[in-house]
file structure_25.cif (mmCIF, C-alpha atoms)
data_start
loop_
_atom_site.group_PDB
_atom_site.id
_atom_site.type_symbol
_atom_site.label_atom_id
_atom_site.label_comp_id
_atom_site.auth_asym_id
_atom_site.auth_seq_id
_atom_site.Cartn_x
_atom_site.Cartn_y
_atom_site.Cartn_z
ATOM 1 C CA MET A 21 15.385 24.464 29.685
ATOM 2 C CA ALA A 22 18.622 23.178 31.081
ATOM 3 C CA GLU A 23 21.588 24.445 29.100
ATOM 4 C CA PRO A 24 23.746 21.837 27.398
ATOM 5 C CA ALA A 25 26.834 20.792 29.256
ATOM 6 C CA THR A 26 30.048 22.603 28.402
ATOM 7 C CA GLY A 27 31.216 21.509 25.000
ATOM 8 C CA GLU A 28 27.951 19.732 24.169
ATOM 9 C CA SER A 29 26.974 20.545 20.614
ATOM 10 C CA ARG A 30 23.460 21.159 19.351
ATOM 11 C CA GLU A 31 21.981 20.231 16.018
ATOM 12 C CA THR A 32 18.865 21.274 14.139
ATOM 13 C CA VAL A 33 16.136 18.934 12.935
ATOM 14 C CA ARG A 34 12.836 19.647 11.207
ATOM 15 C CA ASP A 35 9.550 18.275 12.479
ATOM 16 C CA ASP A 36 6.537 17.197 10.399
ATOM 17 C CA LEU A 37 5.293 20.796 10.175
ATOM 18 C CA GLY A 38 8.634 22.053 8.881
ATOM 19 C CA ASN A 39 9.529 23.740 12.155
ATOM 20 C CA THR A 40 13.225 24.019 13.004
ATOM 21 C CA VAL A 41 13.878 22.223 16.296
ATOM 22 C CA PRO A 42 17.234 22.555 18.107
ATOM 23 C CA VAL A 43 18.232 19.409 19.998
ATOM 24 C CA PRO A 44 21.417 18.419 21.791
ATOM 25 C CA ALA A 45 23.718 15.960 20.089
ATOM 26 C CA ARG A 46 22.628 13.461 22.732
ATOM 27 C CA VAL A 47 19.013 13.603 23.925
ATOM 28 C CA ARG A 48 18.694 12.322 27.486
ATOM 29 C CA ARG A 49 15.328 13.648 28.690
ATOM 30 C CA VAL A 50 12.039 13.610 26.738
ATOM 31 C CA VAL A 51 8.504 14.669 27.652
ATOM 32 C CA SER A 52 5.779 13.114 25.486
ATOM 33 C CA LEU A 53 2.396 14.797 25.161
ATOM 34 C CA VAL A 54 0.861 12.026 23.015
ATOM 35 C CA PRO A 55 0.027 8.458 24.111
ATOM 36 C CA SER A 56 1.106 7.022 20.738
ATOM 37 C CA LEU A 57 4.497 8.731 20.933
ATOM 38 C CA THR A 58 4.915 7.711 24.561
ATOM 39 C CA GLU A 59 4.472 4.083 23.559
ATOM 40 C CA ALA A 60 6.869 4.457 20.616
ATOM 41 C CA ILE A 61 9.626 5.915 22.786
ATOM 42 C CA GLY A 62 8.840 3.732 25.787
ATOM 43 C CA VAL A 63 9.177 0.515 23.790
ATOM 44 C CA THR A 64 12.353 1.736 22.086
ATOM 45 C CA GLU A 65 14.253 3.481 24.910
ATOM 46 C CA PRO A 66 12.145 3.866 28.080
ATOM 47 C CA ALA A 67 14.899 5.626 30.046
ATOM 48 C CA LEU A 68 14.417 8.737 27.897
ATOM 49 C CA LEU A 69 10.911 9.458 29.184
ATOM 50 C CA VAL A 70 10.795 11.875 32.110
ATOM 51 C CA GLY A 71 7.231 13.110 31.601
ATOM 52 C CA VAL A 72 4.041 11.789 29.968
ATOM 53 C CA THR A 73 0.344 12.666 29.942
ATOM 54 C CA ASP A 74 -2.255 11.234 32.289
ATOM 55 C CA TRP A 75 -3.711 9.397 29.266
ATOM 56 C CA CYS A 76 -0.515 7.508 28.450
ATOM 57 C CA THR A 77 -1.200 3.832 29.200
ATOM 58 C CA HIS A 78 1.432 2.048 27.094
ATOM 59 C CA PRO A 79 3.875 0.417 27.368
ATOM 60 C CA LEU A 80 2.024 -1.445 30.093
ATOM 61 C CA ASP A 81 5.079 -1.211 32.367
ATOM 62 C CA LEU A 82 5.325 2.556 31.883
ATOM 63 C CA ASP A 83 4.966 3.290 35.601
ATOM 64 C CA ASP A 84 7.288 0.463 36.648
ATOM 65 C CA ALA A 85 10.505 2.121 35.525
ATOM 66 C CA GLY A 86 12.419 1.359 38.694
ATOM 67 C CA SER A 87 12.833 4.285 41.071
ATOM 68 C CA ALA A 88 12.078 6.990 38.523
ATOM 69 C CA PRO A 89 8.913 6.425 36.460
ATOM 70 C CA PRO A 90 7.980 9.375 34.219
ATOM 71 C CA ALA A 91 6.075 12.231 35.853
ATOM 72 C CA ARG A 92 2.439 12.775 34.840
ATOM 73 C CA VAL A 93 1.865 16.219 33.327
ATOM 74 C CA ARG A 94 -1.956 16.234 32.883
ATOM 75 C CA GLY A 95 -3.655 15.762 29.514
ATOM 76 C CA THR A 96 -2.978 16.323 25.852
ATOM 77 C CA LYS A 97 -5.297 19.370 25.802
ATOM 78 C CA ASN A 98 -4.298 20.835 29.179
ATOM 79 C CA PRO A 99 -0.632 20.028 29.838
ATOM 80 C CA ASP A 100 0.961 21.450 32.964
ATOM 81 C CA VAL A 101 3.439 23.800 31.309
ATOM 82 C CA GLU A 102 5.193 24.720 34.552
ATOM 83 C CA ALA A 103 5.660 21.087 35.513
ATOM 84 C CA ILE A 104 7.031 20.267 32.068
ATOM 85 C CA VAL A 105 9.513 23.146 32.213
ATOM 86 C CA ALA A 106 10.614 22.010 35.684
ATOM 87 C CA LEU A 107 11.469 18.582 34.256
ATOM 88 C CA ALA A 108 14.082 20.275 32.029
ATOM 89 C CA PRO A 109 13.573 18.025 29.012
ATOM 90 C CA ASP A 110 15.920 18.127 26.053
ATOM 91 C CA LEU A 111 12.888 17.578 23.816
ATOM 92 C CA VAL A 112 9.094 17.689 24.020
ATOM 93 C CA VAL A 113 7.272 15.553 21.444
ATOM 94 C CA ALA A 114 3.731 16.482 20.422
ATOM 95 C CA ASN A 115 1.169 16.048 17.652
ATOM 96 C CA GLU A 116 -0.581 18.567 15.422
ATOM 97 C CA GLU A 117 -4.034 17.088 16.065
ATOM 98 C CA GLU A 118 -3.677 16.020 19.687
ATOM 99 C CA ASN A 119 -2.080 19.139 21.178
ATOM 100 C CA ARG A 120 -3.102 22.800 21.145
ATOM 101 C CA PRO A 121 -0.802 25.318 19.428
ATOM 102 C CA ALA A 122 -1.082 27.718 22.387
ATOM 103 C CA ASP A 123 0.312 25.122 24.796
ATOM 104 C CA LEU A 124 3.177 24.249 22.445
ATOM 105 C CA ASP A 125 3.972 27.944 21.952
ATOM 106 C CA ALA A 126 4.091 28.388 25.735
ATOM 107 C CA LEU A 127 6.618 25.579 25.991
ATOM 108 C CA ARG A 128 8.747 27.125 23.244
ATOM 109 C CA GLU A 129 8.574 30.517 24.938
ATOM 110 C CA ALA A 130 9.885 28.843 28.085
ATOM 111 C CA GLY A 131 12.930 27.750 26.094
ATOM 112 C CA LEU A 132 12.013 24.146 25.352
ATOM 113 C CA ALA A 133 12.565 22.355 22.056
ATOM 114 C CA VAL A 134 9.199 21.067 20.748
ATOM 115 C CA TYR A 135 8.940 18.486 17.955
ATOM 116 C CA VAL A 136 5.473 18.199 16.369
ATOM 117 C CA THR A 137 4.306 15.163 14.418
ATOM 118 C CA ASP A 138 1.481 15.157 11.852
ATOM 119 C CA VAL A 139 0.029 11.733 11.013
ATOM 120 C CA ARG A 140 -2.799 11.334 8.480
ATOM 121 C CA THR A 141 -1.951 8.092 6.629
ATOM 122 C CA VAL A 142 -0.483 4.680 7.406
ATOM 123 C CA ASP A 143 2.647 5.241 5.330
ATOM 124 C CA GLY A 144 2.850 8.734 6.781
ATOM 125 C CA ALA A 145 2.874 7.233 10.273
ATOM 126 C CA PHE A 146 5.981 5.209 9.496
ATOM 127 C CA ALA A 147 7.792 8.246 8.079
ATOM 128 C CA SER A 148 6.705 10.430 11.001
ATOM 129 C CA LEU A 149 7.828 7.883 13.585
ATOM 130 C CA ASP A 150 11.172 7.565 11.809
ATOM 131 C CA GLY A 151 11.711 11.302 12.098
ATOM 132 C CA MET A 152 10.523 11.607 15.686
ATOM 133 C CA LEU A 153 12.662 8.723 16.938
ATOM 134 C CA ALA A 154 15.668 10.072 15.050
ATOM 135 C CA ALA A 155 15.143 13.454 16.731
ATOM 136 C CA CYS A 156 15.363 11.577 20.038
ATOM 137 C CA GLY A 157 18.689 10.157 18.905
ATOM 138 C CA LEU A 158 17.311 6.653 18.374
ATOM 139 C CA GLU A 159 17.961 4.266 15.514
ATOM 140 C CA ARG A 160 15.063 2.700 13.637
ATOM 141 C CA PRO A 161 13.716 -0.013 15.971
ATOM 142 C CA ALA A 162 12.782 -3.554 14.981
ATOM 143 C CA TRP A 163 9.123 -3.015 15.917
ATOM 144 C CA LEU A 164 8.826 -0.191 13.380
ATOM 145 C CA GLU A 165 10.449 -2.298 10.691
ATOM 146 C CA GLY A 166 8.056 -5.129 11.526
ATOM 147 C CA ALA A 167 4.966 -2.903 11.536
ATOM 148 C CA GLU A 168 5.775 -1.393 8.151
ATOM 149 C CA LYS A 169 6.305 -4.858 6.671
ATOM 150 C CA ALA A 170 3.092 -6.192 8.233
ATOM 151 C CA TRP A 171 1.015 -3.450 6.614
ATOM 152 C CA ALA A 172 2.807 -3.813 3.286
ATOM 153 C CA ASP A 173 2.080 -7.549 3.319
ATOM 154 C CA LEU A 174 -1.664 -7.208 3.926
ATOM 155 C CA PRO A 175 -3.592 -8.449 0.876
ATOM 156 C CA ARG A 176 -5.478 -5.844 -1.118
ATOM 157 C CA VAL A 177 -9.254 -6.069 -0.631
ATOM 158 C CA ALA A 178 -11.160 -6.467 -3.895
ATOM 159 C CA GLU A 179 -13.485 -3.617 -4.797
ATOM 160 C CA THR A 180 -16.458 -5.983 -4.667
ATOM 161 C CA GLU A 181 -15.619 -6.882 -1.066
ATOM 162 C CA ARG A 182 -15.125 -3.385 0.309
ATOM 163 C CA ARG A 183 -17.471 -2.143 3.036
ATOM 164 C CA THR A 184 -18.742 1.338 3.883
ATOM 165 C CA ALA A 185 -18.761 2.248 7.571
ATOM 166 C CA ILE A 186 -19.864 4.824 10.080
ATOM 167 C CA VAL A 187 -17.264 5.258 12.846
ATOM 168 C CA PRO A 188 -18.685 6.937 15.965
ATOM 169 C CA ILE A 189 -16.239 8.383 18.475
ATOM 170 C CA TRP A 190 -18.693 9.883 20.987
ATOM 171 C CA ARG A 191 -22.319 9.965 22.020
ATOM 172 C CA ARG A 192 -24.376 12.644 23.787
ATOM 173 C CA PRO A 193 -23.803 14.256 21.349
ATOM 174 C CA TRP A 194 -23.119 11.679 18.684
ATOM 175 C CA MET A 195 -19.889 12.402 16.811
ATOM 176 C CA GLY A 196 -18.036 10.435 14.163
ATOM 177 C CA VAL A 197 -14.805 10.165 12.205
ATOM 178 C CA GLY A 198 -14.921 12.519 9.209
ATOM 179 C CA ARG A 199 -12.445 13.499 6.524
ATOM 180 C CA ASP A 200 -8.649 13.346 6.481
ATOM 181 C CA THR A 201 -8.037 11.215 9.573
ATOM 182 C CA PHE A 202 -5.573 8.493 10.479
ATOM 183 C CA THR A 203 -8.497 6.283 11.501
ATOM 184 C CA GLY A 204 -10.010 6.652 8.034
ATOM 185 C CA ALA A 205 -6.657 5.790 6.472
ATOM 186 C CA ILE A 206 -6.351 2.644 8.610
ATOM 187 C CA LEU A 207 -9.829 1.503 7.578
ATOM 188 C CA ASP A 208 -9.180 2.289 3.916
ATOM 189 C CA ARG A 209 -6.153 -0.007 3.928
ATOM 190 C CA LEU A 210 -8.391 -2.732 5.402
ATOM 191 C CA GLY A 211 -11.051 -2.440 2.721
ATOM 192 C CA VAL A 212 -13.473 -0.196 4.621
ATOM 193 C CA ASP A 213 -14.589 3.158 3.218
ATOM 194 C CA ASN A 214 -15.553 5.897 5.660
ATOM 195 C CA ALA A 215 -19.110 7.037 4.896
ATOM 196 C CA LEU A 216 -18.456 10.400 6.555
ATOM 197 C CA ALA A 217 -15.204 11.174 4.711
ATOM 198 C CA ASP A 218 -16.842 13.099 1.872
ATOM 199 C CA GLY A 219 -17.803 16.729 2.062
ATOM 200 C CA GLY A 220 -14.810 18.579 0.692
ATOM 201 C CA PRO A 221 -11.923 20.389 2.387
ATOM 202 C CA ASP A 222 -14.229 22.492 4.559
ATOM 203 C CA ALA A 223 -15.943 19.490 6.130
ATOM 204 C CA GLU A 224 -15.170 18.683 9.741
ATOM 205 C CA ARG A 225 -12.740 15.949 10.661
ATOM 206 C CA TYR A 226 -14.923 14.861 13.596
ATOM 207 C CA PRO A 227 -18.466 16.051 12.864
ATOM 208 C CA ARG A 228 -21.614 15.692 14.898
ATOM 209 C CA ILE A 229 -23.866 13.071 13.350
ATOM 210 C CA ASP A 230 -27.621 12.678 13.197
ATOM 211 C CA LEU A 231 -28.579 9.005 13.530
ATOM 212 C CA ALA A 232 -31.738 9.687 11.561
ATOM 213 C CA ASP A 233 -29.830 11.144 8.610
ATOM 214 C CA LEU A 234 -26.739 9.016 8.011
ATOM 215 C CA PRO A 235 -25.219 8.388 4.575
ATOM 216 C CA PRO A 236 -25.501 4.847 3.169
ATOM 217 C CA HIS A 237 -23.384 2.318 5.059
ATOM 218 C CA ASP A 238 -23.293 -1.413 5.728
ATOM 219 C CA LEU A 239 -21.072 -1.472 8.828
ATOM 220 C CA VAL A 240 -20.642 0.436 12.079
ATOM 221 C CA VAL A 241 -17.173 0.381 13.649
ATOM 222 C CA LEU A 242 -17.318 1.008 17.403
ATOM 223 C CA PRO A 243 -13.952 1.793 19.065
ATOM 224 C CA ASP A 244 -13.622 1.553 22.847
ATOM 225 C CA GLU A 245 -11.927 4.971 23.054
ATOM 226 C CA PRO A 246 -12.180 7.923 23.351
ATOM 227 C CA TYR A 247 -15.762 6.932 24.216
ATOM 228 C CA ALA A 248 -16.041 3.452 25.691
ATOM 229 C CA PHE A 249 -18.557 1.979 23.268
ATOM 230 C CA THR A 250 -19.815 -1.517 24.000
ATOM 231 C CA ALA A 251 -21.305 -4.167 21.739
ATOM 232 C CA ASP A 252 -24.768 -3.090 22.933
ATOM 233 C CA ASP A 253 -24.338 0.375 21.420
ATOM 234 C CA GLY A 254 -24.502 -1.014 17.874
ATOM 235 C CA PRO A 255 -27.943 -2.694 17.821
ATOM 236 C CA GLU A 256 -29.348 0.023 20.100
ATOM 237 C CA ALA A 257 -28.527 2.903 17.742
ATOM 238 C CA PHE A 258 -27.780 1.539 14.258
ATOM 239 C CA ASP A 259 -29.456 -0.772 11.743
ATOM 240 C CA ALA A 260 -26.206 -2.038 10.174
ATOM 241 C CA PRO A 261 -23.992 -4.763 11.687
ATOM 242 C CA SER A 262 -21.417 -3.419 14.135
ATOM 243 C CA ALA A 263 -17.833 -4.349 14.955
ATOM 244 C CA LEU A 264 -16.426 -3.488 18.387
ATOM 245 C CA VAL A 265 -12.678 -2.868 18.072
ATOM 246 C CA SER A 266 -9.818 -1.585 20.200
ATOM 247 C CA GLY A 267 -9.616 2.186 19.886
ATOM 248 C CA ARG A 268 -5.880 1.969 20.434
ATOM 249 C CA LEU A 269 -5.490 -0.225 17.364
ATOM 250 C CA LEU A 270 -7.715 2.027 15.281
ATOM 251 C CA THR A 271 -6.330 5.426 16.274
ATOM 252 C CA TRP A 272 -2.806 5.031 17.689
ATOM 253 C CA TYR A 273 0.371 5.052 15.608
ATOM 254 C CA GLY A 274 3.410 3.328 17.056
ATOM 255 C CA PRO A 275 4.028 -0.245 18.234
ATOM 256 C CA SER A 276 0.244 -0.745 18.181
ATOM 257 C CA LEU A 277 0.435 -0.738 14.372
ATOM 258 C CA LEU A 278 2.006 -4.194 14.466
ATOM 259 C CA GLU A 279 -0.889 -5.586 16.506
ATOM 260 C CA ALA A 280 -3.424 -3.655 14.426
ATOM 261 C CA ALA A 281 -2.260 -5.263 11.183
ATOM 262 C CA ALA A 282 -2.607 -8.699 12.763
ATOM 263 C CA THR A 283 -5.992 -8.327 14.463
ATOM 264 C CA LEU A 284 -8.111 -5.592 12.853
ATOM 265 C CA PRO A 285 -8.756 -7.375 9.534
ATOM 266 C CA GLY A 286 -10.298 -10.349 11.334
ATOM 267 C CA ALA A 287 -12.207 -8.172 13.795
ATOM 268 C CA LEU A 288 -13.835 -6.259 10.951
ATOM 269 C CA ARG A 289 -14.593 -9.337 8.846
ATOM 270 C CA ALA A 290 -16.156 -11.190 11.765
ATOM 271 C CA ARG A 291 -18.973 -8.656 12.033
ATOM 272 C CA ALA A 292 -19.144 -7.442 8.453
ATOM 273 C CA HIS A 293 -21.590 -10.046 7.116
#

call {"tool": "encode", "arguments": {"input": "structure_25.cif", "output": "structure tokens"}}
result
Amino acid sequence: MAEPATGESRETVRDDLGNTVPVPARVRRVVSLVPSLTEAIGVTEPALLVGVTDWCTHPLDLDDAGSAPPARVRGTKNPDVEAIVALAPDLVVANEEENRPADLDALREAGLAVYVTDVRTVDGAFASLDGMLAACGLERPAWLEGAEKAWADLPRVAETERRTAIVPIWRRPWMGVGRDTFTGAILDRLGVDNALADGGPDAERYPRIDLADLPPHDLVVLPDEPYAFTADDGPEAFDAPSALVSGRLLTWYGPSLLEAAATLPGALRARAH
């Protein structure tokens, strides 16, 4: 990691896991290993981003940053550690679920400051984004203020109107959203219970599912990522009505939360009856 310029002070922040992270008083170069965090930084202060994953697609003008768009450093699960080190970032931002501890440890061993987020709930997303952006030296942006207000203003769904859903994320083999996930928290706030969330603390967060032995449900929510489900996948595999939704709005945390609050309630209601 590039040493701070003469006289440049460093300060210590704590990430979502409680790790102590040393950052310069002014962060100028950031590598993001998470599409959600890339979008959050890119919308707020795009000039900070010097490296992003191959899966980072937002902001939509991410690769149009004049003469120096951010370098691509492979995926969330297989980042190019040497390439990241060569970029000499002041800070690498990552996520507890998205990124592997071994890769993050390798970056730390190379002398880089690594800030890890941990997002499990909607309110937790706002707090986590606050901390991550502050670690980058950024003030709370208007989009984050707007997203938090949009979710706070959503009407509470009456118990008699709540649905129970299966949320597949993959097929061949079939896998679904299980316990303790941000996706489950998003759906809960929208009046949809996750049928696969039960099972106790030892249950898997993304279990394999047997279509012949599913728990009771009256809705199937089909995101278009990480597996690109289509509307045809619902009637083909499930008896319950299905709703095809943007995976970005269902699983990402960042500026997408503003759009999610505006569009997901209608998308789920349209196919729920």

call {"tool": "closest_residue", "arguments": {"input": "structure_25.cif", "among": "A:Ala91, A:Asp81, A:Met152, A:Ala122", "to": "Val41 (chain A)", "atoms": "all atoms listed in the file"}}
result
A:Met152

call {"tool": "resolve_selection", "arguments": {"input": "structure_25.cif", "expression": "the PyMOL selection byres ((chain A and resi 135-147) around 7)", "output": "list in words"}}
result
Asp35, Asp36, Leu37, Val41, Val112, Val113, Ala114, Asn115, Glu116, Ala133, Val134, Ser148, Leu149, Asp150, Gly151, Glu168, Asp200, Thr201, Phe202, Ala205, Ile206 and Tyr273 of chain A

call {"tool": "closest_residue", "arguments": {"input": "structure_25.cif", "among": "A:Asp213, A:Ala281, A:Asp84, A:Met195", "to": "Lys169 (chain A)", "atoms": "all atoms listed in the file"}}
result
A:Ala281

call {"tool": "closest_residue", "arguments": {"input": "structure_25.cif", "among": "A:Leu111, A:Ile104, A:Ala263, A:Leu239", "to": "Asp123 (chain A)", "atoms": "all atoms listed in the file"}}
result
A:Ile104

call {"tool": "atom_distance", "arguments": {"input": "structure_25.cif", "atom1": "CA of Ile61 (chain A)", "atom2": "CA of Ala130 (chain A)"}}
result
23.5 Å

call {"tool": "closest_residue", "arguments": {"input": "structure_25.cif", "among": "A:Val54, A:Leu216, A:Val105, A:Leu153", "to": "Thr271 (chain A)", "atoms": "only C-alpha atoms"}}
result
A:Val54

call {"tool": "residues_around", "arguments": {"input": "structure_25.cif", "residues": "Asp253 (chain A)", "least_positions_apart": "2", "cutoff": "12 Å", "atoms": "all atoms listed in the file", "output": "ChimeraX atom specification"}}
result
/A:188-191,194,240-244,247-251,255-264

call {"tool": "write_last_selection", "arguments": {"input": "structure_25.cif", "atoms": "C-alpha atoms", "output": "mmCIF file, in the frame of the given file"}}
result
data_model
loop_
_atom_site.group_PDB
_atom_site.id
_atom_site.type_symbol
_atom_site.label_atom_id
_atom_site.label_comp_id
_atom_site.auth_asym_id
_atom_site.auth_seq_id
_atom_site.Cartn_x
_atom_site.Cartn_y
_atom_site.Cartn_z
ATOM 1 C CA PRO A 188 -18.685 6.937 15.965
ATOM 2 C CA ILE A 189 -16.239 8.383 18.475
ATOM 3 C CA TRP A 190 -18.693 9.883 20.987
ATOM 4 C CA ARG A 191 -22.319 9.965 22.020
ATOM 5 C CA TRP A 194 -23.119 11.679 18.684
ATOM 6 C CA VAL A 240 -20.642 0.436 12.079
ATOM 7 C CA VAL A 241 -17.173 0.381 13.649
ATOM 8 C CA LEU A 242 -17.318 1.008 17.403
ATOM 9 C CA PRO A 243 -13.952 1.793 19.065
ATOM 10 C CA ASP A 244 -13.622 1.553 22.847
ATOM 11 C CA TYR A 247 -15.762 6.932 24.216
ATOM 12 C CA ALA A 248 -16.041 3.452 25.691
ATOM 13 C CA PHE A 249 -18.557 1.979 23.268
ATOM 14 C CA THR A 250 -19.815 -1.517 24.000
ATOM 15 C CA ALA A 251 -21.305 -4.167 21.739
ATOM 16 C CA PRO A 255 -27.943 -2.694 17.821
ATOM 17 C CA GLU A 256 -29.348 0.023 20.100
ATOM 18 C CA ALA A 257 -28.527 2.903 17.742
ATOM 19 C CA PHE A 258 -27.780 1.539 14.258
ATOM 20 C CA ASP A 259 -29.456 -0.772 11.743
ATOM 21 C CA ALA A 260 -26.206 -2.038 10.174
ATOM 22 C CA PRO A 261 -23.992 -4.763 11.687
ATOM 23 C CA SER A 262 -21.417 -3.419 14.135
ATOM 24 C CA ALA A 263 -17.833 -4.349 14.955
ATOM 25 C CA LEU A 264 -16.426 -3.488 18.387
#

call {"tool": "residues_around", "arguments": {"input": "structure_25.cif", "residues": "Gly131 (chain A)", "least_positions_apart": "2", "cutoff": "12 Å", "atoms": "all atoms listed in the file", "output": "VMD selection string"}}
result
chain A and resid 21 to 23 41 to 43 101 to 102 104 to 106 108 to 112 124 to 129 133 to 134

call {"tool": "atom_distance", "arguments": {"input": "structure_25.cif", "atom1": "CA of Leu174 (chain A)", "atom2": "CA of Ala60 (chain A)"}}
result
22.1 Å

call {"tool": "atom_distance", "arguments": {"input": "structure_25.cif", "atom1": "CA of Gly204 (chain A)", "atom2": "CA of Ala217 (chain A)"}}
result
7.6 Å

call {"tool": "closest_residue", "arguments": {"input": "structure_25.cif", "among": "A:Ile186, A:Trp75, A:Pro285, A:Pro275", "to": "Pro246 (chain A)", "atoms": "only C-alpha atoms"}}
result
A:Trp75

call {"tool": "residues_near_point", "arguments": {"input": "structure_25.cif", "point": "(1.9, 13.3, 36.3)", "cutoff": "10 Å", "atoms": "only C-alpha atoms", "output": "list in words"}}
result
Val70, Gly71, Val72, Thr73, Asp74, Trp75, Pro89, Pro90, Ala91, Arg92, Val93, Arg94, Gly95, Pro99, Asp100, Ala103 and Ile104 of chain A

call {"tool": "resolve_selection", "arguments": {"input": "structure_25.cif", "expression": "the PyMOL selection byres ((chain A and resi 237) around 6)", "output": "JSON, numbers by chain"}}
result
{"A": [184, 185, 236, 238, 239]}

call {"tool": "decode", "arguments": {"input": "structure_25.cif", "residues": "region 274-285 of chain A", "atoms": "N, CA and C atoms", "output": "JSON list (two decimals), in the first residue's frame"}}
result
[["chain", "number", "residue", "atom", "x", "y", "z"],
["A", 274, "GLY", "N", -27.96, -0.05, -1.19],
["A", 274, "GLY", "CA", -27.30, 1.12, -1.73],
["A", 274, "GLY", "C", -28.36, 1.99, -2.39],
["A", 275, "PRO", "N", -28.01, 2.75, -3.42],
["A", 275, "PRO", "CA", -29.00, 3.57, -4.11],
["A", 275, "PRO", "C", -30.20, 2.77, -4.63],
["A", 276, "SER", "N", -30.01, 1.48, -4.88],
["A", 276, "SER", "CA", -31.11, 0.64, -5.35],
["A", 276, "SER", "C", -32.25, 0.57, -4.34],
["A", 277, "LEU", "N", -31.95, 0.82, -3.06],
["A", 277, "LEU", "CA", -32.99, 0.77, -2.03],
["A", 277, "LEU", "C", -34.08, 1.80, -2.27],
["A", 278, "LEU", "N", -33.73, 2.92, -2.87],
["A", 278, "LEU", "CA", -34.73, 3.95, -3.17],
["A", 278, "LEU", "C", -35.70, 3.45, -4.22],
["A", 279, "GLU", "N", -35.16, 2.84, -5.28],
["A", 279, "GLU", "CA", -36.00, 2.27, -6.33],
["A", 279, "GLU", "C", -36.78, 1.07, -5.83],
["A", 280, "ALA", "N", -36.17, 0.27, -4.96],
["A", 280, "ALA", "CA", -36.84, -0.92, -4.43],
["A", 280, "ALA", "C", -38.08, -0.56, -3.65],
["A", 281, "ALA", "N", -37.99, 0.48, -2.82],
["A", 281, "ALA", "CA", -39.15, 0.90, -2.02],
["A", 281, "ALA", "C", -40.29, 1.36, -2.91],
["A", 282, "ALA", "N", -39.95, 1.92, -4.07],
["A", 282, "ALA", "CA", -40.98, 2.46, -4.96],
["A", 282, "ALA", "C", -41.62, 1.40, -5.84],
["A", 283, "THR", "N", -40.87, 0.35, -6.20],
["A", 283, "THR", "CA", -41.37, -0.59, -7.21],
["A", 283, "THR", "C", -41.68, -1.99, -6.71],
["A", 284, "LEU", "N", -40.96, -2.48, -5.69],
["A", 284, "LEU", "CA", -41.19, -3.85, -5.25],
["A", 284, "LEU", "C", -42.58, -4.10, -4.68],
["A", 285, "PRO", "N", -43.14, -3.18, -3.88],
["A", 285, "PRO", "CA", -44.49, -3.47, -3.36],
["A", 285, "PRO", "C", -45.49, -3.74, -4.47]]
